[in-house]
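Trainee: Following this message is one structure expressed as structure tokens.
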Amino acid sequence: MAIGNKIIRTRYAPSPTGLFHIGGARTALFNYLFAKKNNGDFIVRIEDTDLERNVEGGIDSQLQNLKWLKIFPDESILNPGNYGPYIQSEKFSVYRDFAKKLIDEKKAYRCFCSPEKLEKERELAAKEGRTPKYNKTCLKLTDEEIKNKLDNEESFSVRLEIKDDVVYEWDDLIRGKVAVPSSALTDPVLLKSNGIASYNFAVVIDDSDMNISHVIRGEEHLSNTPYQIAIANALNVNKNIVYGHLSVIIDETGKKLSKRNMELKQFIEDYKNMGFTPESINNFMFLLGMAAPNNKEVFSLVDAIRNFDINKASKSPSTFDFKKMEWISSEHFKLMSDSTFISFTQPFLTVDLNYLQDKKNDIILLFKNQISYGKQINELINKTFFTEEKMKDFKKKFEFLEEKETIDLVHAFLKKIHEVQNWNIDTVALAIDEVKKETTKKGKELFMPIRIFATHNEHGPELAKIIYILGQHKVIENINSFLKEV
């Protein structure tokens, strides 16, 4: 589909310098949603020009976790279309040719300044309280001086000349009108001294080659945009490209989310391994910068596409709230069918169920309305079935446990349990109900004593279900052991 006469093509362009981060995942999701909402194409391009920082497995982490999130690119290195290559390291010669073209057109120039000289200039600027900017030393070199340096095989980078008195403007999808004067910019490097294209130079060429219509990315790229517009103008490309910059993601202290904060899980691989569902993670990421559609905070990816409106994206920082993510995940589990929930959760089950093994599916379903992520099933099972409190501790908390009415109620329940012939949830629930009628107790006065004596726990899932799963013999054993201590 086109907006106006423009065919929609968005891109997610990660660098393989680390694992797939929640910030990058949100960027991918928003580009995907915008493209799909407008019947456009979503492209994944690998930007691997920073050779020193690339890590082994970085590309796989991006592509495999996108697949897990069910964010499927229309074009990528795995399913190329007609606009490749889809990885920058296969285009080094292309970038060099464009740099040579700009030099020939006098729009760019060779810079022979050494890293040491440039570093001294940066230090001096910082000392004087100035913004570091290249002083255009090499722009002033004569043709003869340039030839001599080339003949002497002096290394050089290539810089774009930023003209004075130019204002670089764009109508940001999220922030509205943005204008940056050229006086705030330096002459950017297009090619590094090793012949590798800089980030901004490669991006502009790739966006042009891939016919990208909209660039939606994080707020941290705002400072790159005027440089990319300047480079695009010099190359006479990307005249109609539209930019949008998403809000920064902050932690609960108000600081920008940092990958170095190891206390906070921020990588998609973490969520996958913990047992979150891709649907819940997409749901959560949608709300990092976008209001809940129709005031409904739990929704599917299909709903997200249907309700996506980039014009409603927030400029304000978005808070990463892990508890909110857990809540959203728990709501998605509740929406699952029982069979789907069992199938999803079983691979995360590592606790030894011991004598309860034959009731594995019943135990898993017991926590369907409590669980936030798959691995949590082990903690819940351990706490409910294999962590028993002692009666002496209960007696310190609840004086009523030693009262005659309580003891009579427990004896009445024990009698009913002995009498149950066909052990199932319904017959257990009936036994509880009969005790309720005989003793006229209800609510906490009824359920708390039964739960403590029968399960040796103060809290837990639905009482009849947990008693059924424990089994008739175990429940009788539990009650008798506690009756001896009161």
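Residues in the structure tokens are named by chain (A, B, ... in the order shown) and by number from 1 within that chain; ligands are numbered from 1 in the order shown.
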Name all residues at most 9 Å from region 427-440 of chain A (count only C-alpha atoms; drop same-chain ones fewer than 3 positions away) and give them as an mmCIF file with N, CA and C atoms, in the first residue's frame.

Mentor:
data_model
loop_
_atom_site.group_PDB
_atom_site.id
_atom_site.type_symbol
_atom_site.label_atom_id
_atom_site.label_comp_id
_atom_site.auth_asym_id
_atom_site.auth_seq_id
_atom_site.Cartn_x
_atom_site.Cartn_y
_atom_site.Cartn_z
ATOM 1 N N GLU A 405 -13.284 -25.238 68.494
ATOM 2 C CA GLU A 405 -14.106 -25.173 67.273
ATOM 3 C C GLU A 405 -13.280 -25.534 66.040
ATOM 4 N N ASP A 408 -12.539 -29.328 66.098
ATOM 5 C CA ASP A 408 -13.754 -30.067 65.733
ATOM 6 C C ASP A 408 -13.989 -30.006 64.222
ATOM 7 N N LEU A 409 -13.750 -28.818 63.657
ATOM 8 C CA LEU A 409 -13.934 -28.646 62.208
ATOM 9 C C LEU A 409 -12.968 -29.545 61.434
ATOM 10 N N VAL A 410 -11.710 -29.586 61.876
ATOM 11 C CA VAL A 410 -10.713 -30.404 61.189
ATOM 12 C C VAL A 410 -11.052 -31.886 61.315
ATOM 13 N N ALA A 412 -14.025 -33.087 61.609
ATOM 14 C CA ALA A 412 -15.177 -33.300 60.722
ATOM 15 C C ALA A 412 -14.714 -33.469 59.278
ATOM 16 N N PHE A 413 -13.760 -32.639 58.880
ATOM 17 C CA PHE A 413 -13.239 -32.740 57.505
ATOM 18 C C PHE A 413 -12.481 -34.056 57.309
ATOM 19 N N LYS A 416 -14.896 -36.784 56.691
ATOM 20 C CA LYS A 416 -15.460 -36.725 55.335
ATOM 21 C C LYS A 416 -14.454 -37.257 54.305
ATOM 22 N N ILE A 417 -13.173 -36.905 54.490
ATOM 23 C CA ILE A 417 -12.138 -37.348 53.553
ATOM 24 C C ILE A 417 -11.993 -38.873 53.601
ATOM 25 N N GLU A 419 -14.275 -40.897 54.149
ATOM 26 C CA GLU A 419 -15.481 -41.496 53.563
ATOM 27 C C GLU A 419 -15.547 -41.382 52.040
ATOM 28 N N VAL A 420 -14.676 -40.549 51.453
ATOM 29 C CA VAL A 420 -14.728 -40.349 49.993
ATOM 30 C C VAL A 420 -14.346 -41.650 49.283
ATOM 31 N N GLN A 421 -15.224 -42.121 48.406
ATOM 32 C CA GLN A 421 -14.997 -43.367 47.674
ATOM 33 C C GLN A 421 -14.332 -43.109 46.314
ATOM 34 N N ASN A 422 -14.840 -42.142 45.595
ATOM 35 C CA ASN A 422 -14.346 -41.831 44.250
ATOM 36 C C ASN A 422 -13.580 -40.499 44.319
ATOM 37 N N TRP A 423 -12.259 -40.577 44.419
ATOM 38 C CA TRP A 423 -11.429 -39.395 44.686
ATOM 39 C C TRP A 423 -11.276 -38.535 43.431
ATOM 40 N N ASN A 424 -11.920 -37.372 43.453
ATOM 41 C CA ASN A 424 -11.748 -36.398 42.380
ATOM 42 C C ASN A 424 -12.044 -35.001 42.933
ATOM 43 N N LEU A 446 -13.527 -21.306 57.631
ATOM 44 C CA LEU A 446 -13.674 -22.658 57.094
ATOM 45 C C LEU A 446 -12.420 -23.088 56.340
ATOM 46 N N PHE A 447 -11.995 -22.254 55.411
ATOM 47 C CA PHE A 447 -10.944 -22.665 54.477
ATOM 48 C C PHE A 447 -9.540 -22.638 55.071
ATOM 49 N N ILE A 450 -8.713 -25.863 57.145
ATOM 50 C CA ILE A 450 -8.616 -27.017 56.246
ATOM 51 C C ILE A 450 -7.328 -26.952 55.422
ATOM 52 N N LEU A 463 -8.439 -24.626 46.759
ATOM 53 C CA LEU A 463 -8.259 -25.618 47.816
ATOM 54 C C LEU A 463 -8.659 -27.036 47.386
ATOM 55 N N ALA A 464 -9.819 -27.188 46.774
ATOM 56 C CA ALA A 464 -10.276 -28.525 46.379
ATOM 57 C C ALA A 464 -9.314 -29.165 45.377
ATOM 58 N N LYS A 465 -8.774 -28.361 44.468
ATOM 59 C CA LYS A 465 -7.873 -28.890 43.451
ATOM 60 C C LYS A 465 -6.559 -29.357 44.065
ATOM 61 N N ILE A 467 -5.999 -30.268 47.179
ATOM 62 C CA ILE A 467 -6.243 -31.450 48.018
ATOM 63 C C ILE A 467 -6.391 -32.695 47.141
ATOM 64 N N TYR A 468 -7.094 -32.544 46.029
ATOM 65 C CA TYR A 468 -7.247 -33.664 45.093
ATOM 66 C C TYR A 468 -5.884 -34.127 44.584
#

Trainee: Quick one: residues within 12 Å of His221 (chain A), only C-alpha atoms, excluding same-chain residues fewer than 5 positions away - as an mmCIF file with C-alpha atoms, in the first residue's frame?

Mentor:
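Saved file part-v9.cif follows:
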data_model
loop_
_atom_site.group_PDB
_atom_site.id
_atom_site.type_symbol
_atom_site.label_atom_id
_atom_site.label_comp_id
_atom_site.auth_asym_id
_atom_site.auth_seq_id
_atom_site.Cartn_x
_atom_site.Cartn_y
_atom_site.Cartn_z
ATOM 1 C CA THR A 27 12.342 -0.491 17.062
ATOM 2 C CA TYR A 199 27.748 4.446 9.889
ATOM 3 C CA ASN A 200 26.018 7.560 8.545
ATOM 4 C CA VAL A 203 23.063 4.040 6.042
ATOM 5 C CA VAL A 215 13.081 5.438 8.994
ATOM 6 C CA ILE A 216 11.663 4.798 12.461
ATOM 7 C CA PRO A 226 21.048 16.054 10.074
ATOM 8 C CA TYR A 227 24.270 14.351 8.978
ATOM 9 C CA GLN A 228 22.322 11.768 7.008
ATOM 10 C CA TYR A 243 12.041 10.089 9.787
ATOM 11 C CA GLY A 244 10.507 9.257 13.142
ATOM 12 C CA HIS A 245 12.353 9.031 16.457
ATOM 13 C CA LEU A 246 10.897 6.922 19.258
ATOM 14 C CA SER A 247 11.051 7.958 22.899
ATOM 15 C CA VAL A 248 13.964 6.868 25.046
#

Trainee: I'd like the neighbourhood of region 131-134 of chain A as a PyMOL selection string, where a residue qualifies if any of its atoms comes within 9 Å (using only C-alpha atoms), though same-chain residues fewer than 6 positions away should be ignored.

Mentor: chain A and resi 118+121-125+184-188

Trainee: Write out as a PDB file with N, CA, C and O atoms, in the first residue's frame all residues of region 36-191 of chain A that backbone DSSP assigns to strand (DSSP E or B).

Mentor:
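Heads up, here's the output in states00.pdb:
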ATOM      1  N   ASP A  41       6.308  -3.241   3.119  1.00  0.00           N
ATOM      2  CA  ASP A  41       7.336  -4.256   3.346  1.00  0.00           C
ATOM      3  C   ASP A  41       8.230  -3.858   4.514  1.00  0.00           C
ATOM      4  O   ASP A  41       8.593  -2.682   4.681  1.00  0.00           O
ATOM      5  N   PHE A  42       8.612  -4.859   5.293  1.00  0.00           N
ATOM      6  CA  PHE A  42       9.503  -4.680   6.428  1.00  0.00           C
ATOM      7  C   PHE A  42      10.804  -5.410   6.110  1.00  0.00           C
ATOM      8  O   PHE A  42      10.804  -6.606   5.820  1.00  0.00           O
ATOM      9  N   ILE A  43      11.917  -4.667   6.154  1.00  0.00           N
ATOM     10  CA  ILE A  43      13.219  -5.201   5.749  1.00  0.00           C
ATOM     11  C   ILE A  43      14.147  -5.252   6.964  1.00  0.00           C
ATOM     12  O   ILE A  43      14.147  -4.346   7.803  1.00  0.00           O
ATOM     13  N   VAL A  44      14.927  -6.315   7.051  1.00  0.00           N
ATOM     14  CA  VAL A  44      15.986  -6.398   8.065  1.00  0.00           C
ATOM     15  C   VAL A  44      17.327  -6.340   7.348  1.00  0.00           C
ATOM     16  O   VAL A  44      17.609  -7.148   6.461  1.00  0.00           O
ATOM     17  N   ILE A  46      21.571  -5.934   8.019  1.00  0.00           N
ATOM     18  CA  ILE A  46      22.623  -6.071   9.023  1.00  0.00           C
ATOM     19  C   ILE A  46      23.702  -5.024   8.771  1.00  0.00           C
ATOM     20  O   ILE A  46      24.307  -4.989   7.693  1.00  0.00           O
ATOM     21  N   GLU A  75      12.101  -9.101   3.638  1.00  0.00           N
ATOM     22  CA  GLU A  75      13.401  -9.248   2.987  1.00  0.00           C
ATOM     23  C   GLU A  75      14.480  -9.228   4.061  1.00  0.00           C
ATOM     24  O   GLU A  75      14.418  -8.443   5.009  1.00  0.00           O
ATOM     25  N   ILE A  87      23.481  -7.076   3.907  1.00  0.00           N
ATOM     26  CA  ILE A  87      24.504  -6.982   4.948  1.00  0.00           C
ATOM     27  C   ILE A  87      25.591  -6.052   4.418  1.00  0.00           C
ATOM     28  O   ILE A  87      26.055  -6.185   3.280  1.00  0.00           O
ATOM     29  N   ALA A 108      33.201  16.341  -1.158  1.00  0.00           N
ATOM     30  CA  ALA A 108      33.912  15.672  -0.074  1.00  0.00           C
ATOM     31  C   ALA A 108      35.400  15.826  -0.312  1.00  0.00           C
ATOM     32  O   ALA A 108      35.843  16.176  -1.415  1.00  0.00           O
ATOM     33  N   TYR A 109      36.202  15.554   0.718  1.00  0.00           N
ATOM     34  CA  TYR A 109      37.648  15.730   0.590  1.00  0.00           C
ATOM     35  C   TYR A 109      38.374  14.712   1.468  1.00  0.00           C
ATOM     36  O   TYR A 109      37.817  14.169   2.415  1.00  0.00           O
ATOM     37  N   ARG A 110      39.641  14.484   1.088  1.00  0.00           N
ATOM     38  CA  ARG A 110      40.480  13.582   1.867  1.00  0.00           C
ATOM     39  C   ARG A 110      41.028  14.310   3.091  1.00  0.00           C
ATOM     40  O   ARG A 110      41.484  15.444   2.974  1.00  0.00           O
ATOM     41  N   CYS A 111      41.000  13.624   4.211  1.00  0.00           N
ATOM     42  CA  CYS A 111      41.523  14.194   5.448  1.00  0.00           C
ATOM     43  C   CYS A 111      42.714  13.336   5.896  1.00  0.00           C
ATOM     44  O   CYS A 111      42.553  12.156   6.213  1.00  0.00           O
ATOM     45  N   SER A 157      41.220   9.630   5.672  1.00  0.00           N
ATOM     46  CA  SER A 157      39.781   9.359   5.695  1.00  0.00           C
ATOM     47  C   SER A 157      39.140  10.292   4.681  1.00  0.00           C
ATOM     48  O   SER A 157      39.826  11.146   4.093  1.00  0.00           O
ATOM     49  N   VAL A 158      37.863  10.117   4.453  1.00  0.00           N
ATOM     50  CA  VAL A 158      37.126  11.004   3.546  1.00  0.00           C
ATOM     51  C   VAL A 158      36.032  11.694   4.344  1.00  0.00           C
ATOM     52  O   VAL A 158      35.277  11.035   5.065  1.00  0.00           O
ATOM     53  N   ARG A 159      35.987  13.024   4.227  1.00  0.00           N
ATOM     54  CA  ARG A 159      34.984  13.817   4.944  1.00  0.00           C
ATOM     55  C   ARG A 159      34.058  14.543   3.972  1.00  0.00           C
ATOM     56  O   ARG A 159      34.470  14.945   2.875  1.00  0.00           O
ATOM     57  N   LEU A 160      32.824  14.714   4.392  1.00  0.00           N
ATOM     58  CA  LEU A 160      31.871  15.535   3.643  1.00  0.00           C
ATOM     59  C   LEU A 160      32.025  16.979   4.083  1.00  0.00           C
ATOM     60  O   LEU A 160      32.135  17.264   5.287  1.00  0.00           O
ATOM     61  N   VAL A 167      20.430  25.060   6.936  1.00  0.00           N
ATOM     62  CA  VAL A 167      19.602  24.483   8.002  1.00  0.00           C
ATOM     63  C   VAL A 167      19.039  23.156   7.500  1.00  0.00           C
ATOM     64  O   VAL A 167      18.435  23.097   6.427  1.00  0.00           O
ATOM     65  N   TYR A 168      19.283  22.118   8.284  1.00  0.00           N
ATOM     66  CA  TYR A 168      18.778  20.793   7.915  1.00  0.00           C
ATOM     67  C   TYR A 168      17.476  20.543   8.683  1.00  0.00           C
ATOM     68  O   TYR A 168      17.448  20.531   9.909  1.00  0.00           O
ATOM     69  N   GLU A 169      16.406  20.377   7.927  1.00  0.00           N
ATOM     70  CA  GLU A 169      15.072  20.279   8.523  1.00  0.00           C
ATOM     71  C   GLU A 169      14.395  18.971   8.121  1.00  0.00           C
ATOM     72  O   GLU A 169      14.629  18.456   7.028  1.00  0.00           O
ATOM     73  N   TRP A 170      13.553  18.492   9.006  1.00  0.00           N
ATOM     74  CA  TRP A 170      12.689  17.368   8.655  1.00  0.00           C
ATOM     75  C   TRP A 170      11.441  17.413   9.521  1.00  0.00           C
ATOM     76  O   TRP A 170      11.442  17.980  10.611  1.00  0.00           O
ATOM     77  N   ASP A 171      10.387  16.839   8.985  1.00  0.00           N
ATOM     78  CA  ASP A 171       9.113  16.775   9.708  1.00  0.00           C
ATOM     79  C   ASP A 171       9.039  15.396  10.353  1.00  0.00           C
ATOM     80  O   ASP A 171       8.667  14.423   9.712  1.00  0.00           O
ATOM     81  N   ASP A 172       9.433  15.330  11.618  1.00  0.00           N
ATOM     82  CA  ASP A 172       9.522  14.055  12.312  1.00  0.00           C
ATOM     83  C   ASP A 172       8.136  13.495  12.599  1.00  0.00           C
ATOM     84  O   ASP A 172       7.245  14.220  13.073  1.00  0.00           O
ATOM     85  N   GLY A 176       7.481  16.171  15.269  1.00  0.00           N
ATOM     86  CA  GLY A 176       7.094  17.347  14.512  1.00  0.00           C
ATOM     87  C   GLY A 176       8.289  17.977  13.815  1.00  0.00           C
ATOM     88  O   GLY A 176       9.260  17.301  13.463  1.00  0.00           O
ATOM     89  N   LYS A 177       8.249  19.299  13.617  1.00  0.00           N
ATOM     90  CA  LYS A 177       9.310  20.005  12.906  1.00  0.00           C
ATOM     91  C   LYS A 177      10.596  20.015  13.721  1.00  0.00           C
ATOM     92  O   LYS A 177      10.601  20.370  14.893  1.00  0.00           O
ATOM     93  N   VAL A 178      11.688  19.603  13.081  1.00  0.00           N
ATOM     94  CA  VAL A 178      13.012  19.639  13.704  1.00  0.00           C
ATOM     95  C   VAL A 178      13.950  20.361  12.744  1.00  0.00           C
ATOM     96  O   VAL A 178      13.927  20.103  11.538  1.00  0.00           O
ATOM     97  N   ALA A 179      14.755  21.268  13.271  1.00  0.00           N
ATOM     98  CA  ALA A 179      15.699  22.013  12.439  1.00  0.00           C
ATOM     99  C   ALA A 179      17.046  22.082  13.152  1.00  0.00           C
ATOM    100  O   ALA A 179      17.115  22.384  14.341  1.00  0.00           O
ATOM    101  N   VAL A 180      18.109  21.788  12.414  1.00  0.00           N
ATOM    102  CA  VAL A 180      19.465  21.825  12.969  1.00  0.00           C
ATOM    103  C   VAL A 180      20.340  22.671  12.036  1.00  0.00           C
ATOM    104  O   VAL A 180      20.486  22.336  10.849  1.00  0.00           O
ATOM    105  N   PRO A 181      20.923  23.760  12.538  1.00  0.00           N
ATOM    106  CA  PRO A 181      21.791  24.585  11.684  1.00  0.00           C
ATOM    107  C   PRO A 181      23.117  23.895  11.421  1.00  0.00           C
ATOM    108  O   PRO A 181      23.624  23.144  12.262  1.00  0.00           O
ATOM    109  N   VAL A 189      32.946  12.141   8.828  1.00  0.00           N
ATOM    110  CA  VAL A 189      33.742  11.150   8.101  1.00  0.00           C
ATOM    111  C   VAL A 189      32.802  10.246   7.309  1.00  0.00           C
ATOM    112  O   VAL A 189      31.820   9.730   7.846  1.00  0.00           O
ATOM    113  N   LEU A 190      33.130  10.069   6.036  1.00  0.00           N
ATOM    114  CA  LEU A 190      32.364   9.159   5.173  1.00  0.00           C
ATOM    115  C   LEU A 190      33.062   7.799   5.080  1.00  0.00           C
ATOM    116  O   LEU A 190      32.421   6.760   5.190  1.00  0.00           O
ATOM    117  N   LEU A 191      34.353   7.853   4.849  1.00  0.00           N
ATOM    118  CA  LEU A 191      35.174   6.637   4.833  1.00  0.00           C
ATOM    119  C   LEU A 191      36.257   6.776   5.889  1.00  0.00           C
ATOM    120  O   LEU A 191      36.925   7.814   5.955  1.00  0.00           O
TER     121      LEU A 191
END

Trainee: From a backbone DSSP assignment, name each residue in region 87-197 of chain A labelled helix (DSSP H, G or I), as a ChimeraX atom specification.

Mentor: /A:88-90,92-104,115-127,137-140,143-151,182-184

Trainee: Quick one: residues within 9 Å of Thr387 (chain A), only C-alpha atoms counted, chain neighbours fewer than 4 positions away excluded, as a PyMOL selection string?

Mentor: chain A and resi 381-383+456-457

Trainee: Create the file for the chosen residues now, containing N, CA and C atoms and written as a compact mmCIF listing (two decimals), in the first residue's frame.

Mentor:
# COMPACT_ATOMS: atom_id res chain seq x y z
N ILE A 381 5.40 -24.82 42.16
CA ILE A 381 5.20 -26.23 42.54
C ILE A 381 5.96 -26.55 43.83
N ASN A 382 7.20 -26.11 43.91
CA ASN A 382 8.01 -26.36 45.11
C ASN A 382 7.36 -25.76 46.34
N LYS A 383 6.92 -24.52 46.20
CA LYS A 383 6.32 -23.82 47.33
C LYS A 383 5.02 -24.48 47.77
N HIS A 456 -0.46 -28.24 54.80
CA HIS A 456 0.70 -27.73 55.54
C HIS A 456 1.22 -26.43 54.93
N ASN A 457 0.32 -25.68 54.29
CA ASN A 457 0.66 -24.37 53.74
C ASN A 457 -0.47 -23.39 54.05

Trainee: Set the distance at 10 Å and use only C-alpha atoms: which residues neighbour Glu297 (chain A) once local chain neighbours fewer than 2 positions away are removed? I'd like the list as a list in words.

Mentor: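 Selected residues are Asn283, Phe284, Phe286, Leu287, Ala291, Ala292, Pro293, Asn294, Asn295, Phe299, Ile328 and Glu331 of chain A.
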
Trainee: Near Leu51 (chain A), counting only C-alpha atoms, which residues have an atom at most 10 Å away, once you skip same-chain residues fewer than 4 positions from it, shown as a list of chain:residue names?

Mentor: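 In the requested form, the answer reads A:Ser15, A:Pro16, A:Thr17, A:Glu47, A:Val55, A:Ser89, A:Ile196.
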